[in-house]
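Next comes run_20.cif, with mmCIF, C-alpha atoms and all ligand atoms.
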data_work
loop_
_atom_site.label_atom_id
_atom_site.label_comp_id
_atom_site.auth_asym_id
_atom_site.auth_seq_id
_atom_site.Cartn_x
_atom_site.Cartn_y
_atom_site.Cartn_z
CA MET A 91 0.00 0.00 0.00
CA PRO A 92 2.41 2.70 -1.19
CA ARG A 93 0.23 5.54 -0.05
CA LEU A 94 2.82 8.12 0.74
CA ALA A 95 2.98 9.88 -2.60
CA LEU A 96 5.29 12.73 -1.68
CA SER A 97 6.47 13.65 -5.11
CA SER A 98 5.07 16.64 -6.92
CA GLY A 99 3.36 14.04 -9.09
CA SER A 100 0.62 13.91 -6.48
CA ARG A 101 -0.26 17.54 -7.06
CA GLY A 102 -3.38 18.35 -8.98
CA ARG A 103 -4.91 14.95 -8.40
CA ARG A 104 -8.34 14.60 -6.91
CA LEU A 105 -10.68 12.29 -5.13
CA ASN A 106 -9.55 8.79 -4.40
CA GLU A 107 -6.04 9.22 -5.63
CA GLY A 108 -3.72 8.43 -2.82
CA ALA A 109 -6.40 6.40 -1.08
CA PRO A 110 -5.33 3.04 0.32
CA ARG A 111 -4.95 0.48 -2.43
CA ARG A 112 -5.16 -3.25 -2.13
CA GLU A 113 -2.31 -4.95 -3.77
CA GLY A 114 -1.72 -8.37 -5.20
CA ALA A 115 -3.28 -11.68 -4.39
CA GLY A 116 -2.92 -11.11 -0.67
CA ALA A 117 -5.21 -8.13 -0.70
CA ALA A 118 -7.65 -9.77 -3.06
CA GLY A 119 -7.84 -12.62 -0.60
CA GLY A 120 -8.50 -10.18 2.24
CA ALA A 121 -5.04 -9.89 3.82
CA PRO A 122 -3.71 -6.41 4.51
CA THR A 123 -0.68 -5.26 2.59
CA SER A 124 1.30 -2.14 3.24
CA GLY A 125 4.02 0.17 2.09
CA VAL A 126 4.09 1.76 5.52
CA PRO A 127 7.49 0.42 6.66
CA ALA A 128 9.07 1.65 3.43
CA ALA A 129 7.35 5.02 3.69
CA LEU A 130 8.62 5.40 7.26
CA ARG A 131 12.14 4.49 6.18
CA ALA A 132 11.97 7.03 3.38
CA LEU A 133 11.11 9.72 5.90
CA GLY A 134 13.66 8.51 8.42
CA VAL A 135 10.92 7.89 10.99
CA ARG A 136 11.17 5.06 13.51
CA PRO A 137 7.74 4.45 15.05
CA SER A 138 7.66 6.12 18.44
CA ARG A 139 5.95 4.40 21.33
CA ARG A 140 5.69 7.70 23.18
CA LEU A 141 3.71 9.15 20.27
CA GLY A 142 1.58 6.01 20.01
CA GLN A 143 2.71 5.44 16.43
CA ASN A 144 0.97 2.24 15.36
CA PHE A 145 0.10 2.99 11.78
CA LEU A 146 -2.96 1.53 10.13
CA ILE A 147 -1.95 -0.77 7.29
CA ASP A 148 -5.25 -2.45 6.50
CA PRO A 149 -7.09 -0.43 3.84
CA ARG A 150 -10.34 -2.21 4.61
CA VAL A 151 -10.31 -0.78 8.13
CA ALA A 152 -9.47 2.71 6.82
CA GLU A 153 -12.34 2.52 4.34
CA ARG A 154 -14.73 1.33 7.02
CA ILE A 155 -13.82 4.24 9.26
CA ALA A 156 -14.03 6.80 6.45
CA ALA A 157 -17.46 5.45 5.50
CA LEU A 158 -18.70 6.42 8.96
CA VAL A 159 -18.36 10.10 8.06
CA LEU A 160 -21.05 10.02 5.46
CA ASP A 161 -21.95 13.63 4.76
CA PRO A 162 -19.29 14.94 2.35
CA ARG A 163 -19.92 18.50 3.56
CA GLU A 164 -19.35 17.69 7.21
CA PRO A 165 -16.13 19.31 8.51
CA VAL A 166 -13.60 16.85 9.91
CA ILE A 167 -10.77 17.20 12.40
CA GLU A 168 -8.30 14.33 12.27
CA ILE A 169 -6.08 13.75 15.29
CA GLY A 170 -2.69 12.26 14.45
CA PRO A 171 -2.95 11.61 10.70
CA GLY A 172 0.48 9.96 10.62
CA LEU A 173 1.22 8.77 7.10
CA GLY A 174 -2.35 9.53 6.07
CA ALA A 175 -4.06 6.14 6.11
CA LEU A 176 -7.38 7.86 6.80
CA THR A 177 -6.55 11.35 5.66
CA THR A 178 -6.96 11.24 1.92
CA LEU A 179 -10.15 9.21 2.21
CA LEU A 180 -11.56 11.91 4.47
CA ALA A 181 -10.24 14.97 2.64
CA ALA A 182 -11.19 13.76 -0.82
CA SER A 183 -14.79 14.94 -0.66
CA GLY A 184 -13.52 18.52 -0.60
CA ARG A 185 -14.98 19.04 2.86
CA GLU A 186 -13.35 21.39 5.34
CA PHE A 187 -10.64 19.20 6.81
CA THR A 188 -7.95 19.88 9.41
CA ALA A 189 -5.45 17.28 10.56
CA VAL A 190 -3.36 17.93 13.68
CA GLU A 191 -0.06 16.04 13.81
CA LEU A 192 2.59 16.34 16.50
CA ASP A 193 5.40 14.60 14.59
CA LEU A 194 6.77 17.36 12.38
CA ARG A 195 8.30 15.01 9.81
CA LEU A 196 4.95 13.32 9.25
CA ALA A 197 3.12 16.64 9.26
CA GLU A 198 5.41 18.05 6.58
CA ALA A 199 5.08 15.00 4.34
CA LEU A 200 1.32 15.03 4.73
CA GLU A 201 1.11 18.71 3.94
CA MET A 202 2.64 18.05 0.55
CA ARG A 203 0.28 15.20 -0.02
CA LEU A 204 -2.77 17.26 0.86
CA ALA A 205 -1.76 20.14 -1.40
CA PRO A 206 -4.35 19.22 -4.07
CA TRP A 207 -7.21 19.65 -1.66
CA LEU A 208 -7.62 23.36 -1.03
CA SER A 209 -10.05 22.85 1.83
CA ALA A 210 -7.65 20.55 3.69
CA ARG A 211 -4.79 21.59 5.92
CA VAL A 212 -2.35 20.21 8.43
CA VAL A 213 -1.72 21.89 11.77
CA ARG A 214 1.63 20.96 13.28
CA GLY A 215 1.28 20.54 17.00
CA ASP A 216 -0.37 18.85 19.93
CA ILE A 217 -4.12 18.34 19.62
CA LEU A 218 -4.45 18.94 23.35
CA GLU A 219 -3.21 22.49 22.89
CA GLN A 220 -5.69 23.34 20.12
CA ARG A 221 -9.21 24.68 20.25
CA ALA A 222 -11.67 23.06 17.85
CA GLU A 223 -13.07 26.48 16.98
CA ASP A 224 -9.65 27.43 15.57
CA LEU A 225 -9.47 24.25 13.50
CA VAL A 226 -12.85 24.21 11.71
CA GLY A 227 -15.62 26.67 11.00
CA GLY A 228 -18.63 24.47 11.73
CA PRO A 229 -19.75 21.49 13.84
CA ALA A 230 -17.23 18.79 13.03
CA THR A 231 -16.64 15.09 13.38
CA VAL A 232 -13.32 14.19 14.97
CA VAL A 233 -11.70 11.13 13.45
CA ALA A 234 -8.64 9.41 14.87
CA ASN A 235 -6.69 6.26 15.17
CA LEU A 236 -5.77 7.63 18.56
CA PRO A 237 -2.25 7.58 19.89
CA TYR A 238 -3.05 5.38 22.86
CA SER A 239 -0.80 7.38 25.15
CA ILE A 240 -3.26 10.28 25.02
CA THR A 241 -6.57 8.41 24.97
CA THR A 242 -7.92 9.92 28.19
CA PRO A 243 -6.89 13.54 27.53
CA ALA A 244 -8.05 13.23 23.92
CA LEU A 245 -11.50 12.07 25.07
CA GLU A 246 -11.58 14.94 27.55
CA TRP A 247 -10.60 17.30 24.75
CA ILE A 248 -13.38 16.00 22.49
CA VAL A 249 -16.16 16.42 25.02
CA THR A 250 -15.06 19.88 26.15
CA GLN A 251 -14.99 21.64 22.77
CA GLY A 252 -18.67 22.65 22.87
CA ALA A 253 -20.77 22.75 19.71
CA ARG A 254 -17.71 22.69 17.42
CA VAL A 255 -17.34 18.93 17.97
CA LYS A 256 -20.59 17.09 17.37
CA ARG A 257 -19.28 13.55 17.09
CA ALA A 258 -16.10 11.49 17.11
CA VAL A 259 -15.11 8.23 15.46
CA LEU A 260 -12.10 6.85 17.30
CA MET A 261 -9.86 3.82 17.33
CA VAL A 262 -8.88 2.94 20.90
CA GLN A 263 -7.54 -0.11 22.71
CA ARG A 264 -10.28 -2.64 23.35
CA GLU A 265 -9.51 -2.80 27.08
CA TYR A 266 -9.85 0.95 27.25
CA ALA A 267 -13.25 0.84 25.54
CA GLN A 268 -14.35 -1.76 28.08
CA ARG A 269 -13.50 0.70 30.85
CA LEU A 270 -15.80 3.27 29.29
CA SER A 271 -18.82 1.01 29.48
CA ALA A 272 -17.88 -0.98 32.60
CA ALA A 273 -20.68 -1.58 35.08
CA PRO A 274 -20.17 -0.22 38.61
CA GLY A 275 -18.43 -2.67 40.94
CA GLY A 276 -16.00 -4.20 38.46
CA LYS A 277 -12.30 -3.42 38.46
CA GLU A 278 -12.57 -1.75 35.05
CA HIS A 279 -15.05 0.81 36.35
CA GLY A 280 -13.26 4.04 37.24
CA SER A 281 -13.43 7.81 37.15
CA ILE A 282 -13.06 7.84 33.32
CA THR A 283 -16.21 5.65 33.12
CA VAL A 284 -18.15 8.18 35.16
CA PHE A 285 -16.60 11.11 33.28
CA MET A 286 -17.66 9.76 29.90
CA GLN A 287 -21.17 8.90 31.10
CA LEU A 288 -21.48 12.51 32.24
CA HIS A 289 -20.36 13.98 28.95
CA ALA A 290 -21.15 11.65 26.06
CA GLU A 291 -22.94 8.69 24.54
CA VAL A 292 -20.36 6.05 23.64
CA ARG A 293 -20.95 3.15 21.26
CA VAL A 294 -18.56 0.41 20.16
CA LEU A 295 -18.84 0.02 16.39
CA PHE A 296 -16.37 -2.73 15.47
CA ARG A 297 -13.26 -4.56 16.51
CA VAL A 298 -9.86 -4.33 14.83
CA SER A 299 -7.14 -6.95 15.21
CA PRO A 300 -3.45 -6.19 15.92
CA GLY A 301 -2.53 -7.31 12.37
CA ALA A 302 -4.11 -4.14 10.99
CA PHE A 303 -1.23 -2.01 12.31
CA HIS A 304 2.48 -1.48 11.89
CA PRO A 305 4.15 -1.97 14.25
CA ARG A 306 1.77 -4.62 15.47
CA PRO A 307 0.40 -3.78 18.95
CA GLU A 308 -0.07 -6.49 21.55
CA VAL A 309 -3.76 -5.80 22.07
CA ASP A 310 -6.97 -5.61 20.09
CA SER A 311 -8.51 -2.28 19.21
CA VAL A 312 -12.05 -1.12 18.62
CA VAL A 313 -13.63 1.75 16.76
CA LEU A 314 -15.92 3.85 18.93
CA GLU A 315 -18.49 6.49 18.22
CA VAL A 316 -18.56 9.25 20.81
CA VAL A 317 -21.37 11.81 20.76
CA PRO A 318 -20.78 14.60 23.27
CA ARG A 319 -23.84 15.55 25.31
CA PRO A 320 -24.29 16.65 28.92
CA TYR A 321 -25.85 14.02 31.19
CA PRO A 322 -29.60 14.81 30.99
CA GLY A 323 -30.89 17.12 33.70
CA THR A 324 -27.50 18.14 35.09
CA THR A 325 -25.85 21.55 35.23
CA ALA A 326 -22.22 22.22 34.31
CA GLU A 327 -21.51 22.88 37.98
CA GLU A 328 -22.99 19.54 39.01
CA ARG A 329 -20.98 17.70 36.40
CA ALA A 330 -17.79 19.39 37.57
CA SER A 331 -18.62 18.37 41.16
CA VAL A 332 -19.25 14.77 40.10
CA GLU A 333 -15.87 14.64 38.35
CA ARG A 334 -14.12 15.94 41.45
CA LEU A 335 -16.00 13.64 43.83
CA ALA A 336 -15.57 10.55 41.65
CA ARG A 337 -11.82 11.14 41.41
CA ALA A 338 -11.60 11.56 45.18
CA GLY A 339 -13.94 8.66 45.94
CA MET A 340 -12.23 6.22 43.59
CA GLY A 341 -8.66 7.32 44.12
CA THR A 342 -8.19 4.94 47.03
CA ARG A 343 -9.94 1.76 46.04
CA ARG A 344 -9.76 0.03 49.38
CA LYS A 345 -11.26 2.84 51.38
CA THR A 346 -14.96 3.18 52.10
CA LEU A 347 -16.63 6.16 50.49
CA ALA A 348 -17.13 7.87 53.86
CA ASN A 349 -13.38 7.62 54.53
CA ALA A 350 -12.20 8.50 51.04
CA LEU A 351 -14.52 11.49 50.60
CA GLY A 352 -14.17 12.62 54.22
CA ARG A 353 -10.42 12.76 53.85
CA ALA A 354 -10.42 14.35 50.38
CA LEU A 355 -12.92 17.04 51.33
CA GLU A 356 -11.56 17.48 54.85
CA ILE A 357 -14.89 16.83 56.54
CA ASP A 358 -15.36 14.78 59.70
CA GLY A 359 -16.68 11.23 59.63
CA ALA A 360 -20.12 12.04 61.04
CA THR A 361 -20.71 14.76 58.44
CA ALA A 362 -19.52 12.50 55.64
CA ARG A 363 -21.81 9.65 56.75
CA ALA A 364 -24.82 11.97 57.12
CA TRP A 365 -24.20 13.35 53.65
CA LEU A 366 -23.97 9.89 52.09
CA ASP A 367 -27.02 8.63 54.01
CA GLY A 368 -28.98 11.71 52.94
CA ALA A 369 -28.17 10.97 49.29
CA GLY A 370 -29.26 7.34 49.70
CA VAL A 371 -25.71 5.94 49.44
CA ASP A 372 -24.43 3.49 52.05
CA PRO A 373 -21.29 5.13 53.56
CA GLY A 374 -19.60 1.72 53.77
CA ARG A 375 -19.62 1.24 49.98
CA ARG A 376 -16.55 1.72 47.80
CA GLY A 377 -16.44 4.49 45.23
CA GLU A 378 -16.20 2.18 42.23
CA THR A 379 -19.61 0.63 43.04
CA LEU A 380 -21.56 3.85 42.55
CA THR A 381 -23.65 4.57 39.48
CA VAL A 382 -23.41 7.95 37.78
CA GLU A 383 -26.87 8.78 39.16
CA GLU A 384 -25.59 8.16 42.70
CA TRP A 385 -22.60 10.44 42.10
CA ILE A 386 -24.99 13.12 40.87
CA ALA A 387 -27.13 12.70 44.00
CA LEU A 388 -23.99 13.14 46.13
CA ALA A 389 -22.89 16.22 44.19
CA ARG A 390 -26.28 17.80 44.75
CA ARG A 391 -26.00 17.37 48.51
CA GLU A 392 -22.31 18.04 49.02
CA PRO A 393 -21.83 19.67 52.45
CA GLY A 394 -21.20 23.38 52.22
CA LYS A 395 -21.77 23.41 48.44
CA SER A 396 -25.33 22.92 47.32
CA LYS A 397 -28.75 22.88 48.83
CA PRO A 398 -30.53 19.52 49.00
CA GLU A 399 -32.99 19.09 46.12
N1 LIG B 401 -3.76 8.05 11.62
C1 LIG B 401 -2.56 7.29 11.33
C2 LIG B 401 -2.92 5.88 10.99
O1 LIG B 401 -4.07 5.48 11.28
O2 LIG B 401 -2.09 5.17 10.46
C3 LIG B 401 -1.57 7.32 12.51
C4 LIG B 401 -2.14 6.83 13.80
S1 LIG B 401 -0.93 6.62 15.06
C5 LIG B 401 -1.84 5.49 16.11
C6 LIG B 401 -1.07 8.10 16.05
C7 LIG B 401 -0.60 9.39 15.38
O3 LIG B 401 -0.82 10.48 16.29
C8 LIG B 401 0.88 9.45 15.05
O4 LIG B 401 1.04 9.96 13.76
C9 LIG B 401 1.48 10.39 16.10
O5 LIG B 401 2.63 11.05 15.64
C10 LIG B 401 0.31 11.33 16.33
N2 LIG B 401 0.29 11.99 17.64
C11 LIG B 401 0.75 11.51 18.84
N3 LIG B 401 0.48 12.37 19.83
C12 LIG B 401 -0.19 13.43 19.26
C13 LIG B 401 -0.74 14.64 19.78
N4 LIG B 401 -0.68 14.93 21.08
N5 LIG B 401 -1.34 15.48 18.92
C14 LIG B 401 -1.42 15.19 17.59
N6 LIG B 401 -0.91 14.06 17.04
C15 LIG B 401 -0.31 13.18 17.87
#

Write the structure described by the file as structure tokens, please.
Amino acid sequence: MPRLALSSGSRGRRLNEGAPRREGAGAAGGAPTSGVPAALRALGVRPSRRLGQNFLIDPRVAERIAALVLDPREPVIEIGPGLGALTTLLAASGREFTAVELDLRLAEALEMRLAPWLSARVVRGDILEQRAEDLVGGPATVVANLPYSITTPALEWIVTQGARVKRAVLMVQREYAQRLSAAPGGKEHGSITVFMQLHAEVRVLFRVSPGAFHPRPEVDSVVLEVVPRPYPGTTAEERASVERLARAGMGTRRKTLANALGRALEIDGATARAWLDGAGVDPGRRGETLTVEEWIALARREPGKSKPE
């Protein structure tokens, strides 16, 4: 899949040029093929673990992801385009398209490759330091094969950009996705589970095997759809309180809620227990067993903060 057409020969071409191609009998039979290692060598790039550089080499997966952004007029922000496995598929419709890439060598190469598409651009830098409103003019879909090292901050970024991000289609580690939907009580349930329930609807769309990437990761991945929305009936202040309480209440897994929250909020045991009782939560429970609704009930009755409903 020699997709990194850096020569000026790529200029002036349109639409699916540069899109992933299936090569040879292997591809016809369904096996991924890839020119990614050669493209990386040509650029002098050794995949960086710190930057989460596991490049997509299976064109079928790239096409499946691109097909999820159906409306050709819908602006797209791509996080970490890398060598562009998804990029040309997404930019080809002529939609407003901004890719943000931290690795300057990859960003520069991609810039040349995107030159034919006047509505597409590459921003060199860290997605976490950008504001979506500076990247696109209208409500956008964020698309990413996420660098796994920034999964949590990237999700936080996506759900805190307001109306400028209406949806995201993201590749993440399968274990991570399980944490997002984990039921209270299990060891996978944590403050990120509560955070995402507060701020978005999350849906697993499909699974991707390690063989779809170079270098090959040790774990499976999944593609998620994330639609930012505030938890129904809550205020921004309540959601911020829930985030703070959930972090405090789940930070020390072996402590009871009364102990963990009492210590974090510097309130005495009797006050903590009365607060929890008043919100209908047994003070002897552990933080990771609470549902998001129970955290909201606690936030609404936090001593010294809010009036009881
Ligand atoms: N989208 C490409 C693909 O599917 O083959 C590359 C995906 S690779 C998993 C992650 C990409 O994100 C890399 O190109 C890496 O350099 C880039 N990256 C890592 N941290 C980043 C950050 N904070 N902001 C923007 N890009 C980042």

Check which residues of segment 280-398 of chain A sit at most 12 Å from segment 250-255 of chain A using all atoms listed in the file, and return one row each with the closest pair of atoms and their distance in Å to one decimal, ordered by chain and rising number, as a Markdown table.
| residue | atom | partner | partner_atom | distance |
| --- | --- | --- | --- | --- |
| A:Phe285 | CA | A:Thr250 | CA | 11.4 |
| A:Met286 | CA | A:Thr250 | CA | 11.1 |
| A:Leu288 | CA | A:Thr250 | CA | 11.5 |
| A:His289 | CA | A:Thr250 | CA | 8.4 |
| A:Ala290 | CA | A:Thr250 | CA | 10.2 |
| A:Val316 | CA | A:Val255 | CA | 10.2 |
| A:Val317 | CA | A:Val255 | CA | 8.6 |
| A:Pro318 | CA | A:Val255 | CA | 7.7 |
| A:Arg319 | CA | A:Gly252 | CA | 9.1 |
| A:Pro320 | CA | A:Thr250 | CA | 10.2 |
| A:Ala326 | CA | A:Thr250 | CA | 11.1 |
| A:Ala330 | CA | A:Thr250 | CA | 11.8 |

Could the residues in this selection be written to a file with C-alpha atoms, as a tab-separated table (two decimals), in the frame of the given file?
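Full text of out37.tsv as output:
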chain	number	residue	atom	x	y	z
A	285	PHE	CA	-16.60	11.11	33.28
A	286	MET	CA	-17.66	9.76	29.90
A	288	LEU	CA	-21.48	12.51	32.24
A	289	HIS	CA	-20.36	13.98	28.95
A	290	ALA	CA	-21.15	11.65	26.06
A	316	VAL	CA	-18.56	9.25	20.81
A	317	VAL	CA	-21.37	11.81	20.76
A	318	PRO	CA	-20.78	14.60	23.27
A	319	ARG	CA	-23.84	15.55	25.31
A	320	PRO	CA	-24.29	16.65	28.92
A	326	ALA	CA	-22.22	22.22	34.31
A	330	ALA	CA	-17.79	19.39	37.57

If you count all atoms listed in the file, which residues fall within 6 Å of Ile167 of chain A, apart from same-chain ones fewer than 3 positions away, as a VMD selection string? chain A and resid 187 to 189 232

Return the single residue from A:Ala364, A:Ala244, A:Leu158, A:Ala129 that is closest to Leu295 of chain A, with distances computed using only C-alpha atoms.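 Ranked by minimum distance to Leu295 of chain A, first place goes to A:Leu158.
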
d(atom CA of Leu347 of chain A, atom CA of Gly275 of chain A) in Å: 13.1 Å

Protein and nucleic acid residues within 8 Å of ligand LIG 401 (chain B) (only C-alpha atoms and all ligand atoms) as a JSON list (two decimals) with C-alpha atoms, in the frame of the given file:
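File written: part26.json
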[["chain", "number", "residue", "atom", "x", "y", "z"],
["A", 138, "SER", "CA", 7.66, 6.12, 18.44],
["A", 140, "ARG", "CA", 5.69, 7.70, 23.18],
["A", 141, "LEU", "CA", 3.71, 9.15, 20.27],
["A", 142, "GLY", "CA", 1.58, 6.01, 20.01],
["A", 143, "GLN", "CA", 2.71, 5.44, 16.43],
["A", 144, "ASN", "CA", 0.97, 2.24, 15.36],
["A", 145, "PHE", "CA", 0.10, 2.99, 11.78],
["A", 146, "LEU", "CA", -2.96, 1.53, 10.13],
["A", 147, "ILE", "CA", -1.95, -0.77, 7.29],
["A", 152, "ALA", "CA", -9.47, 2.71, 6.82],
["A", 168, "GLU", "CA", -8.30, 14.33, 12.27],
["A", 169, "ILE", "CA", -6.08, 13.75, 15.29],
["A", 170, "GLY", "CA", -2.69, 12.26, 14.45],
["A", 171, "PRO", "CA", -2.95, 11.61, 10.70],
["A", 172, "GLY", "CA", 0.48, 9.96, 10.62],
["A", 173, "LEU", "CA", 1.22, 8.77, 7.10],
["A", 174, "GLY", "CA", -2.35, 9.53, 6.07],
["A", 175, "ALA", "CA", -4.06, 6.14, 6.11],
["A", 176, "LEU", "CA", -7.38, 7.86, 6.80],
["A", 177, "THR", "CA", -6.55, 11.35, 5.66],
["A", 190, "VAL", "CA", -3.36, 17.93, 13.68],
["A", 191, "GLU", "CA", -0.06, 16.04, 13.81],
["A", 192, "LEU", "CA", 2.59, 16.34, 16.50],
["A", 193, "ASP", "CA", 5.40, 14.60, 14.59],
["A", 196, "LEU", "CA", 4.95, 13.32, 9.25],
["A", 214, "ARG", "CA", 1.63, 20.96, 13.28],
["A", 215, "GLY", "CA", 1.28, 20.54, 17.00],
["A", 216, "ASP", "CA", -0.37, 18.85, 19.93],
["A", 217, "ILE", "CA", -4.12, 18.34, 19.62],
["A", 218, "LEU", "CA", -4.45, 18.94, 23.35],
["A", 234, "ALA", "CA", -8.64, 9.41, 14.87],
["A", 235, "ASN", "CA", -6.69, 6.26, 15.17],
["A", 236, "LEU", "CA", -5.77, 7.63, 18.56],
["A", 237, "PRO", "CA", -2.25, 7.58, 19.89],
["A", 238, "TYR", "CA", -3.05, 5.38, 22.86],
["A", 239, "SER", "CA", -0.80, 7.38, 25.15],
["A", 240, "ILE", "CA", -3.26, 10.28, 25.02],
["A", 303, "PHE", "CA", -1.23, -2.01, 12.31]]

Which residue is closest to Ser124 of chain A? Choose from A:Gly374, A:Glu186, A:Asp148, A:Ala222 and count all atoms listed in the file.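 Going through A:Gly374, A:Glu186, A:Asp148, A:Ala222 one by one, the smallest distance to Ser124 of chain A is for A:Asp148.
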
Go through A:Lys256, A:Arg154, A:Lys345, A:Lys395 and flag the residue nearest Thr231 of chain A, using all atoms listed in the file for the distances.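 Of the candidates, the smallest distance to Thr231 of chain A is held by A:Lys256.
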
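Minimum atom-to-atom distances from A:Gly359, A:Pro149, A:Gly184, A:Gly227 to Pro206 of chain A were compared using all atoms listed in the file, and the lowest value belongs to A:Gly184.
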